[in-house]
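Here is protein05.cif, consisting of mmCIF, C-alpha atoms and all ligand atoms:
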```
data_data
#
loop_
_atom_site.label_atom_id
_atom_site.label_comp_id
_atom_site.auth_asym_id
_atom_site.auth_seq_id
_atom_site.Cartn_x
_atom_site.Cartn_y
_atom_site.Cartn_z
CA MET J 1 73.62 84.17 116.17
CA LYS J 2 73.15 87.17 113.86
CA ASP J 3 73.78 86.38 110.20
CA ARG J 4 73.27 89.73 108.41
CA TYR J 5 75.53 92.82 108.64
CA ASP J 6 76.31 95.93 106.63
CA VAL J 7 80.03 95.09 106.59
CA LEU J 8 81.94 91.85 107.18
CA VAL J 9 85.68 92.32 107.78
CA ILE J 10 87.82 89.19 107.39
CA GLY J 11 91.03 89.35 109.47
CA ALA J 12 91.74 91.36 112.62
CA GLY J 13 95.23 92.70 111.86
CA PRO J 14 95.81 96.48 111.74
CA ALA J 15 94.02 96.80 108.36
CA GLY J 16 90.92 94.90 109.41
CA SER J 17 90.54 96.46 112.85
CA ILE J 18 90.87 100.02 111.53
CA ALA J 19 88.40 99.27 108.69
CA ALA J 20 85.93 97.81 111.21
CA LYS J 21 86.39 100.70 113.62
CA THR J 22 85.94 103.34 110.89
CA ALA J 23 82.80 101.71 109.50
CA ALA J 24 81.29 101.16 112.97
CA GLU J 25 82.02 104.77 113.97
CA LYS J 26 79.95 105.85 110.99
CA GLY J 27 77.01 103.85 112.33
CA LEU J 28 77.31 100.74 110.13
CA ASP J 29 76.56 97.30 111.53
CA VAL J 30 79.96 95.56 111.40
CA LEU J 31 81.25 92.04 112.05
CA LEU J 32 85.06 91.59 112.40
CA ILE J 33 86.27 87.99 112.32
CA GLU J 34 89.68 86.53 113.16
CA LYS J 35 90.72 82.93 112.59
CA ARG J 36 93.15 82.88 115.51
CA GLN J 37 91.98 82.52 119.09
CA GLU J 38 94.06 85.48 120.23
CA ILE J 39 94.26 88.61 118.14
CA GLY J 40 97.89 89.58 117.41
CA ASP J 41 99.42 86.24 118.44
CA PRO J 42 101.65 84.78 117.08
CA VAL J 43 103.42 87.91 115.89
CA ARG J 44 104.93 87.90 112.41
CA CYS J 45 106.54 91.31 112.40
CA ALA J 46 109.62 93.30 113.46
CA GLU J 47 107.16 95.80 114.96
CA GLY J 48 108.83 99.05 113.87
CA VAL J 49 106.67 102.08 113.03
CA ASN J 50 107.11 105.80 112.52
CA LYS J 51 105.92 107.79 115.54
CA GLU J 52 104.28 110.74 113.84
CA TYR J 53 102.52 108.64 111.25
CA LEU J 54 101.14 106.30 113.91
CA LYS J 55 99.70 109.23 115.86
CA LYS J 56 97.47 110.00 112.87
CA HIS J 57 95.54 106.84 113.64
CA VAL J 58 95.69 106.16 117.37
CA GLU J 59 96.41 107.81 120.66
CA ILE J 60 99.78 106.48 121.80
CA ASP J 61 99.52 104.08 124.72
CA LYS J 62 102.75 103.14 126.53
CA GLN J 63 101.37 99.64 127.12
CA TRP J 64 102.13 98.66 123.53
CA ILE J 65 105.46 100.46 123.11
CA CYS J 66 108.65 98.50 123.77
CA ALA J 67 111.22 101.03 122.57
CA ASP J 68 111.19 104.73 121.74
CA LEU J 69 114.00 105.20 119.23
CA LYS J 70 116.27 108.14 118.48
CA GLY J 71 117.36 106.94 115.07
CA SER J 72 119.02 104.21 113.09
CA TYR J 73 122.38 103.04 111.81
CA ILE J 74 122.83 101.57 108.36
CA PHE J 75 125.91 99.38 107.85
CA SER J 76 127.26 98.86 104.33
CA PRO J 77 128.98 95.57 103.38
CA ASP J 78 132.45 96.78 104.46
CA GLY J 79 131.06 97.95 107.83
CA THR J 80 130.82 101.68 107.04
CA ARG J 81 128.20 103.13 109.36
CA ILE J 82 125.70 105.83 108.36
CA GLU J 83 123.77 107.44 111.17
CA MET J 84 120.28 108.74 110.56
CA ALA J 85 117.81 110.50 112.77
CA GLU J 86 114.48 108.73 112.98
CA GLU J 87 112.72 111.07 110.55
CA ILE J 88 114.50 109.63 107.54
CA SER J 89 114.44 105.91 108.20
CA GLY J 90 111.80 105.17 105.63
CA GLY J 91 108.93 105.61 108.04
CA GLU J 92 109.60 102.26 109.67
CA VAL J 93 111.28 103.27 112.91
CA GLY J 94 110.36 105.53 115.73
CA TYR J 95 108.62 103.08 118.02
CA VAL J 96 109.06 99.37 118.34
CA LEU J 97 105.64 98.01 119.23
CA GLU J 98 104.43 95.01 121.18
CA ARG J 99 102.07 93.83 118.47
CA LYS J 100 100.42 91.20 120.63
CA VAL J 101 99.09 94.10 122.70
CA PHE J 102 98.78 96.64 119.88
CA ASP J 103 96.68 94.49 117.50
CA ARG J 104 94.41 93.49 120.32
CA ALA J 105 93.98 97.13 121.39
CA LEU J 106 92.95 98.07 117.83
CA ALA J 107 90.31 95.32 117.76
CA GLU J 108 89.08 96.42 121.18
CA GLN J 109 88.74 99.97 119.85
CA ALA J 110 86.61 98.64 116.98
CA ALA J 111 84.47 96.74 119.49
CA ALA J 112 84.16 99.84 121.70
CA VAL J 113 82.48 101.76 118.88
CA GLY J 114 80.04 98.95 118.15
CA ALA J 115 81.72 96.36 115.87
CA GLU J 116 81.04 92.75 116.80
CA VAL J 117 84.26 90.70 117.05
CA ARG J 118 84.35 86.92 116.63
CA VAL J 119 87.68 85.14 117.24
CA LYS J 120 88.52 81.55 116.25
CA THR J 121 86.27 82.20 113.25
CA ARG J 122 87.71 81.53 109.83
CA ALA J 123 86.31 82.54 106.45
CA THR J 124 86.28 79.47 104.20
CA GLY J 125 84.75 81.00 101.06
CA LEU J 126 82.68 83.85 99.69
CA ILE J 127 79.00 83.93 98.85
CA ILE J 128 78.83 85.27 95.30
CA GLU J 129 75.46 85.85 93.61
CA ASP J 130 74.82 87.64 90.28
CA ASP J 131 78.54 88.52 90.18
CA PHE J 132 78.31 90.38 93.55
CA VAL J 133 80.04 89.32 96.77
CA LYS J 134 77.16 88.96 99.25
CA GLY J 135 78.91 87.56 102.32
CA ALA J 136 81.09 84.64 103.36
CA ARG J 137 81.02 81.12 104.73
CA LEU J 138 82.56 81.02 108.20
CA MET J 139 83.87 78.20 110.35
CA HIS J 140 83.83 78.30 114.15
CA LEU J 141 84.71 75.28 116.33
CA GLY J 142 84.09 72.85 113.46
CA LYS J 143 80.70 74.34 112.50
CA GLU J 144 80.23 76.09 109.16
CA TYR J 145 77.62 78.80 108.69
CA GLU J 146 76.93 81.78 106.40
CA VAL J 147 77.02 85.48 107.14
CA ARG J 148 75.62 87.96 104.62
CA ALA J 149 76.85 91.53 104.26
CA SER J 150 76.42 94.42 101.81
CA ILE J 151 80.22 94.74 101.70
CA VAL J 152 83.02 92.31 102.53
CA ILE J 153 86.47 93.70 103.36
CA GLY J 154 89.30 91.21 102.86
CA ALA J 155 92.01 92.02 105.43
CA ASP J 156 93.41 88.51 105.64
CA GLY J 157 97.10 89.33 105.31
CA VAL J 158 99.91 88.17 103.06
CA GLU J 159 98.46 84.67 102.52
CA SER J 160 95.10 86.19 101.54
CA LYS J 161 92.57 83.93 99.90
CA VAL J 162 89.69 86.41 99.87
CA GLY J 163 91.00 88.23 96.77
CA ARG J 164 91.46 84.97 94.90
CA TRP J 165 87.96 83.78 95.84
CA ALA J 166 86.61 87.01 94.30
CA GLY J 167 88.61 86.50 91.11
CA ILE J 168 91.24 89.17 91.86
CA ASP J 169 94.80 88.30 90.88
CA THR J 170 96.94 88.74 94.02
CA ALA J 171 99.60 86.16 93.05
CA LEU J 172 103.17 87.15 93.91
CA LYS J 173 106.17 86.17 91.81
CA PRO J 174 109.48 85.41 93.62
CA ILE J 175 110.71 88.96 92.85
CA ASP J 176 107.56 90.32 94.53
CA ILE J 177 108.10 88.79 97.95
CA GLU J 178 110.68 89.06 100.73
CA THR J 179 111.08 85.81 102.63
CA CYS J 180 111.75 86.60 106.27
CA ALA J 181 113.12 84.90 109.35
CA GLN J 182 113.34 86.60 112.71
CA TYR J 183 114.40 85.82 116.27
CA LEU J 184 113.40 87.63 119.41
CA ILE J 185 116.68 87.56 121.36
CA ALA J 186 117.24 88.20 125.05
CA GLY J 187 120.27 88.76 127.26
CA ALA J 188 122.12 90.71 124.57
CA ASP J 189 124.03 93.97 124.60
CA VAL J 190 121.50 95.87 122.44
CA ASN J 191 121.54 99.65 121.96
CA GLN J 192 117.96 100.41 122.98
CA GLU J 193 117.85 103.82 121.30
CA TYR J 194 118.92 102.91 117.77
CA CYS J 195 117.84 100.27 115.34
CA GLU J 196 120.38 98.79 112.95
CA PHE J 197 120.15 97.79 109.30
CA TYR J 198 122.81 95.69 107.51
CA ILE J 199 122.83 95.60 103.73
CA GLY J 200 124.84 93.71 101.12
CA ASN J 201 124.73 90.54 99.09
CA GLU J 202 126.86 88.62 101.60
CA VAL J 203 124.60 89.44 104.51
CA ALA J 204 121.13 89.50 102.87
CA PRO J 205 120.82 89.21 99.06
CA GLY J 206 118.21 91.68 97.78
CA GLY J 207 117.17 92.58 101.31
CA TYR J 208 118.59 93.46 104.70
CA VAL J 209 119.13 92.37 108.27
CA TRP J 210 117.45 94.41 110.99
CA VAL J 211 117.97 94.78 114.73
CA PHE J 212 114.99 96.42 116.44
CA PRO J 213 115.40 96.89 120.22
CA LYS J 214 112.53 95.67 122.41
CA GLY J 215 113.70 96.86 125.85
CA GLU J 216 115.71 95.17 128.62
CA GLY J 217 118.39 93.46 126.53
CA LYS J 218 115.86 92.18 124.01
CA ALA J 219 115.61 92.79 120.25
CA ASN J 220 113.91 91.54 117.12
CA VAL J 221 116.77 90.41 114.88
CA GLY J 222 115.58 89.41 111.47
CA ILE J 223 116.33 89.10 107.79
CA GLY J 224 114.39 89.50 104.57
CA ILE J 225 115.70 88.04 101.32
CA LEU J 226 114.14 88.67 97.95
CA GLY J 227 112.46 85.49 96.66
CA SER J 228 114.20 85.81 93.29
CA LYS J 229 117.61 85.70 95.00
CA MET J 230 116.86 82.39 96.67
CA GLY J 231 117.41 78.97 95.12
CA LYS J 232 117.36 75.28 95.90
CA PHE J 233 121.06 75.11 96.68
CA LYS J 234 121.48 78.55 98.20
CA PRO J 235 121.42 79.20 101.94
CA ARG J 236 117.97 79.89 103.43
CA PRO J 237 117.18 83.20 105.16
CA VAL J 238 117.51 81.48 108.53
CA ASP J 239 121.07 80.32 107.60
CA TYR J 240 122.10 83.93 106.86
CA LEU J 241 120.41 85.00 110.10
CA ASN J 242 122.29 82.40 112.15
CA ASP J 243 125.60 83.60 110.65
CA PHE J 244 124.75 87.19 111.49
CA LEU J 245 123.67 86.37 115.04
CA GLN J 246 126.84 84.42 115.68
CA LYS J 247 128.93 87.46 114.68
CA ARG J 248 126.88 90.31 116.14
CA PHE J 249 125.27 88.79 119.25
CA PRO J 250 127.18 85.55 120.01
CA ASP J 251 125.83 85.30 123.57
CA ALA J 252 122.18 86.09 122.83
CA ARG J 253 119.45 83.61 123.72
CA ILE J 254 116.68 83.03 121.21
CA VAL J 255 113.27 83.19 122.89
CA GLU J 256 110.96 83.35 119.86
CA MET J 257 111.13 82.56 116.15
CA VAL J 258 109.11 84.05 113.32
CA PHE J 259 108.92 83.08 109.66
CA GLY J 260 106.85 84.89 107.08
CA GLY J 261 106.61 86.69 103.79
CA VAL J 262 106.28 90.37 102.95
CA PRO J 263 104.80 91.51 99.64
CA VAL J 264 107.16 93.97 97.89
CA SER J 265 105.41 94.03 94.52
CA GLY J 266 104.23 97.63 94.49
CA SER J 267 100.56 98.24 93.80
CA ILE J 268 98.62 95.48 92.10
CA GLU J 269 96.15 96.06 89.27
CA LYS J 270 92.88 95.57 91.12
CA THR J 271 91.85 95.50 94.79
CA SER J 272 88.04 95.72 94.53
CA ALA J 273 85.15 93.75 93.05
CA ASN J 274 81.37 94.13 93.27
CA GLY J 275 80.70 94.16 97.04
CA LEU J 276 84.35 93.62 98.03
CA MET J 277 87.52 95.54 98.92
CA LEU J 278 90.98 94.22 99.84
CA VAL J 279 93.16 96.07 102.36
CA GLY J 280 96.66 95.84 103.84
CA ASP J 281 98.90 92.90 102.96
CA ALA J 282 95.93 91.20 101.28
CA ALA J 283 96.01 94.11 98.78
CA ARG J 284 99.87 94.02 98.65
CA GLN J 285 100.10 97.52 100.14
CA SER J 286 103.39 97.16 102.05
CA ASP J 287 106.47 99.20 101.15
CA PRO J 288 108.68 97.52 98.53
CA ILE J 289 111.96 98.79 100.04
CA THR J 290 111.45 98.37 103.75
CA GLY J 291 108.69 95.74 103.76
CA GLY J 292 106.89 97.89 106.34
CA GLY J 293 103.15 97.44 106.08
CA ILE J 294 101.51 98.29 109.41
CA LEU J 295 100.88 101.97 108.72
CA ASN J 296 99.88 101.49 105.08
CA ALA J 297 97.45 98.80 106.25
CA MET J 298 95.95 101.25 108.74
CA ASP J 299 95.67 104.00 106.11
CA ALA J 300 93.98 101.66 103.64
CA GLY J 301 91.74 100.21 106.37
CA LYS J 302 90.49 103.69 107.17
CA LEU J 303 89.83 104.48 103.49
CA ALA J 304 87.98 101.17 103.06
CA GLY J 305 85.81 101.83 106.16
CA GLU J 306 84.90 105.25 104.79
CA ALA J 307 84.28 103.85 101.32
CA ALA J 308 81.97 101.17 102.76
CA TYR J 309 79.92 103.90 104.42
CA ALA J 310 79.75 106.03 101.24
CA ALA J 311 78.78 103.06 99.05
CA ILE J 312 76.16 101.61 101.42
CA SER J 313 74.64 105.08 102.00
CA ALA J 314 74.40 105.56 98.23
CA GLY J 315 72.85 102.09 97.81
CA ASP J 316 75.58 101.24 95.32
CA VAL J 317 78.27 98.68 96.24
CA SER J 318 79.27 97.99 92.64
CA LEU J 319 82.89 97.79 91.52
CA GLY J 320 82.52 101.20 89.85
CA LYS J 321 81.43 102.85 93.10
CA LEU J 322 84.16 101.13 95.15
CA GLU J 323 86.78 102.14 92.59
CA GLU J 324 85.67 105.73 93.00
CA GLU J 325 85.44 105.64 96.81
CA TYR J 326 88.37 103.35 97.68
CA GLU J 327 90.59 102.28 94.80
CA LYS J 328 91.26 105.78 93.45
CA LYS J 329 91.93 107.19 96.94
CA TRP J 330 94.40 104.57 98.11
CA ARG J 331 96.26 104.67 94.81
CA ALA J 332 96.69 108.44 95.10
CA THR J 333 98.19 108.13 98.61
CA VAL J 334 99.57 104.78 99.81
CA GLY J 335 99.77 103.52 96.22
CA HIS J 336 101.83 106.47 95.01
CA GLU J 337 104.33 106.00 97.86
CA ILE J 338 104.76 102.30 97.24
CA ASP J 339 105.17 102.76 93.51
CA MET J 340 107.97 105.29 94.15
CA SER J 341 109.58 102.83 96.55
CA LEU J 342 109.36 100.10 93.94
CA ILE J 343 111.46 102.17 91.54
CA VAL J 344 114.14 102.60 94.22
CA LYS J 345 113.99 98.91 95.16
CA ASN J 346 114.44 97.79 91.55
CA CYS J 347 117.50 99.99 91.31
CA PHE J 348 119.02 98.87 94.63
CA ILE J 349 118.70 95.14 94.05
CA ASN J 350 121.09 95.39 91.12
CA LEU J 351 123.85 97.09 93.09
CA THR J 352 127.00 95.18 93.92
CA ASP J 353 128.53 95.28 97.38
CA ALA J 354 131.23 97.58 95.98
CA ASP J 355 128.50 99.99 94.76
CA LEU J 356 126.84 99.96 98.17
CA ASP J 357 130.16 100.61 99.91
CA SER J 358 130.97 103.49 97.59
CA LEU J 359 127.56 105.05 98.30
CA ALA J 360 128.08 104.59 102.03
CA HIS J 361 131.54 106.21 101.85
CA SER J 362 130.03 109.25 100.14
CA LEU J 363 127.59 109.66 103.04
CA LYS J 364 129.79 108.63 105.95
CA ASP J 365 130.55 112.13 107.16
CA VAL J 366 127.17 113.68 106.37
CA LYS J 367 125.35 114.48 109.57
CA PHE J 368 121.70 113.69 108.92
CA GLU J 369 119.34 115.15 111.41
CA ARG J 370 116.00 116.14 109.96
CA MET J 371 115.59 114.99 106.38
CA SER J 372 113.11 113.12 104.30
CA LEU J 373 113.92 109.84 102.58
CA LEU J 374 113.87 111.73 99.31
CA ASP J 375 116.51 114.15 100.60
CA LEU J 376 118.64 111.20 101.62
CA LEU J 377 118.29 109.64 98.18
CA GLN J 378 119.20 112.90 96.54
CA ALA J 379 122.36 113.15 98.64
CA LEU J 380 123.15 109.54 97.83
CA PHE J 381 122.70 109.77 94.13
CA LYS J 382 124.63 112.98 93.70
CA ALA J 383 127.61 110.76 94.37
CA ASN J 384 126.60 108.31 91.68
CA LYS J 385 125.42 109.63 88.32
CA LYS J 386 124.21 106.25 87.07
CA LEU J 387 121.85 105.87 90.04
CA LEU J 388 120.65 109.40 89.62
CA TRP J 389 119.70 108.59 86.02
CA ASP J 390 117.90 105.36 86.97
CA LEU J 391 115.87 107.18 89.61
CA ARG J 392 115.22 110.42 87.72
CA VAL J 393 111.43 109.91 87.78
CA LEU J 394 111.45 110.45 91.56
CA PHE J 395 112.80 113.97 91.50
P1 LIG Q 1 97.95 90.95 109.15
O1 LIG Q 1 98.55 91.72 110.25
O2 LIG Q 1 98.71 89.80 108.61
O3 LIG Q 1 96.52 90.45 109.64
C1 LIG Q 1 95.75 89.55 108.88
C2 LIG Q 1 94.85 88.80 109.85
O4 LIG Q 1 93.91 88.02 109.12
C3 LIG Q 1 95.62 87.82 110.73
O5 LIG Q 1 95.34 88.07 112.08
C4 LIG Q 1 95.12 86.45 110.26
O6 LIG Q 1 95.10 85.49 111.31
C5 LIG Q 1 93.72 86.78 109.78
N1 LIG Q 1 93.19 85.84 108.79
C6 LIG Q 1 93.84 85.31 107.71
N2 LIG Q 1 93.02 84.51 107.01
C7 LIG Q 1 91.81 84.54 107.66
C8 LIG Q 1 90.56 83.91 107.41
N3 LIG Q 1 90.38 83.09 106.35
N4 LIG Q 1 89.54 84.13 108.28
C9 LIG Q 1 89.70 84.96 109.35
N5 LIG Q 1 90.88 85.57 109.63
C10 LIG Q 1 91.91 85.38 108.78
N6 LIG Q 1 105.66 96.08 108.96
C11 LIG Q 1 106.01 97.23 109.56
O7 LIG Q 1 105.33 98.25 109.38
N7 LIG Q 1 107.11 97.30 110.34
C12 LIG Q 1 107.91 96.22 110.57
O8 LIG Q 1 108.88 96.33 111.32
C13 LIG Q 1 107.57 95.00 109.95
N8 LIG Q 1 108.33 93.88 110.12
C14 LIG Q 1 107.95 92.69 109.57
C15 LIG Q 1 108.74 91.55 109.80
C16 LIG Q 1 108.35 90.32 109.32
C17 LIG Q 1 109.20 89.10 109.60
C18 LIG Q 1 107.15 90.22 108.55
C19 LIG Q 1 106.71 88.87 108.02
C20 LIG Q 1 106.39 91.34 108.29
C21 LIG Q 1 106.77 92.59 108.80
N9 LIG Q 1 106.02 93.76 108.58
C22 LIG Q 1 106.40 94.94 109.14
C23 LIG Q 1 104.81 93.72 107.76
C24 LIG Q 1 103.57 93.79 108.64
O9 LIG Q 1 103.60 92.75 109.60
C25 LIG Q 1 102.32 93.66 107.77
O10 LIG Q 1 102.43 94.54 106.68
C26 LIG Q 1 101.05 94.01 108.55
O11 LIG Q 1 100.83 93.09 109.60
C27 LIG Q 1 99.86 93.98 107.60
O12 LIG Q 1 98.66 94.14 108.33
P2 LIG Q 1 97.33 93.45 107.80
O13 LIG Q 1 96.27 93.83 108.76
O14 LIG Q 1 97.16 93.69 106.37
O15 LIG Q 1 97.62 91.86 107.90
#
```
Please go through the file and, once you have read it, give me the structure as structure tokens.
Amino acid sequence: MKDRYDVLVIGAGPAGSIAAKTAAEKGLDVLLIEKRQEIGDPVRCAEGVNKEYLKKHVEIDKQWICADLKGSYIFSPDGTRIEMAEEISGGEVGYVLERKVFDRALAEQAAAVGAEVRVKTRATGLIIEDDFVKGARLMHLGKEYEVRASIVIGADGVESKVGRWAGIDTALKPIDIETCAQYLIAGADVNQEYCEFYIGNEVAPGGYVWVFPKGEGKANVGIGILGSKMGKFKPRPVDYLNDFLQKRFPDARIVEMVFGGVPVSGSIEKTSANGLMLVGDAARQSDPITGGGILNAMDAGKLAGEAAYAAISAGDVSLGKLEEEYEKKWRATVGHEIDMSLIVKNCFINLTDADLDSLAHSLKDVKFERMSLLDLLQALFKANKKLLWDLRVLF
């Protein structure tokens, strides 16, 4: 088995597969490894993405689309409904994907342009020499072996160890993580053209409940609660979710369960080291308000693949070079967006249910059709001077 590559990518989620594909397209010798035996399974995601944004990265294939949405409804604590066209739903709706098929298709695309893919292969540590990451130790079917690479890309998701192994602080405090529980339900009366969001401290403290249709009476129904709002004696996310399900879809059958965390920290201080870059959830690049991370992971994966090519071509894989080629670029794009979202999140988590209702009342009769999230926020905060002040840096 080959044991030397230009680039080793650890983790075949959207971030890793796009990084591998981008680097392989440029002619680099790439190995993409995935610890699970099937890429994309089990799914830990509500699978919502923005249509236009997704098209930047891949040609749309109906095989991995479960629902093509027209928009979304947001319900405030007293049940006031705000209707939004898909363009302003924070970039997280548009399509609901079948990630088991989607993630696998991305890895297949990487393989089609020359990347080698090894499944059931787990990274167990990094090879670090003279302060440079030089590869990783891998485990496959109980056997451990080493693979060397000029650059390692850590795309190992929210529970990432790669960053820590390289001495990068990726630790998340309770306020930096949404703890999620989700059911795939079947046999329910689900509007297949709209997704639904429910906000409020009674329904989901510091987070929200979502209903994302998946075709034929099915939907992902889930909840995310901010870690800092949870406690030993407080109900768990799954308890809130059960309450919600009982009220909204009393006859639904649960056919799958998902538990997981979403980083909502905003950008972290460092995502590169000598010979190493972190991408996607491993680099905490998901959106602090919505928790959406698929598209940011793909953006960052592409930047990291390009950066790997630039650094290897220049014969310089030092931290300085990777900061210039990767770190600076993702911070100016994905990073800027998530930092803006963090400001909004920090403001929203302090709102009472009465505040949320009053904001919803001010928007109830506004007919949103084509607007950006920023336009929506502007309309919202005109009705509330205190919020406008807290969020002034955004405008
Ligand atoms: P992942 O998709 O997590 O991929 C990481 C991969 O690395 C995994 O396949 C893992 O098995 C592998 N791996 C880990 N360790 C190793 C190792 N040591 N060796 C080899 N392989 C390893 N985002 C959205 O955009 N829209 C949503 O609707 C949405 N809903 C969500 C709902 C829930 C309940 C959760 C938990 C998350 C949700 N997200 C959503 C977030 C989204 O799932 C992630 O942001 C996205 O998957 C990040 O992609 P990634 O490639 O960085 O990581």
| Nearest to ligand LIG 1 (chain Q) among J:Lys234, J:Arg4, J:Lys214, J:Lys161, with distances taken over all atoms listed in the file: which residue is it? |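 Selected residue with least distance to ligand LIG 1 (chain Q): J:Lys161.
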| task | Go ahead and compute the interatomic distance for atom CA of J:Ala46 and atom CA of J:Glu98, in Å to one decimal. | result | 9.5 Å
| message | Could you list the protein, DNA and RNA residues that have any atom within 6 Å of ligand LIG 1 (chain Q), counting all atoms listed in the file, and write them as a VMD selection string? | response | chain J and resid 10 to 16 33 to 36 44 to 49 92 121 to 124 155 to 158 180 to 182 260 to 262 280 to 282 286 291 to 295 297
| Counting only C-alpha atoms, the residue of J:Met1, J:Leu126, J:Ile177, J:Ile82 that sits nearest J:Tyr198 |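 Ranking J:Met1, J:Leu126, J:Ile177, J:Ile82 by distance to J:Tyr198, first place goes to J:Ile82.
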| field | Distance criterion (all atoms listed in the file): nearest to J:Lys302 out of J:Glu325, J:His140, J:Tyr194, J:Ile74 | value |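 Residue with the minimum atom-to-atom distance to J:Lys302: J:Glu325.
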Would you compute, for all listed atoms of stretch 159-174 of chain J, the axis-aligned bounding box grown by 6 Å on each side, and then report its centre and edge lengths in Å rounded to one decimal, as AutoDock Vina command-line options?
```
--center_x 98.0 --center_y 86.5 --center_z 96.7 --size_x 34.9 --size_y 17.4 --size_z 23.6
```
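Atom CA of J:Gly94 to atom CA of J:Ala67 spans 8.2 Å [interatomic distance, one decimal].
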| At what distance in Å, to one decimal, does atom CA of J:Ile199 lie from atom CA of J:Leu356? | 8.1 Å
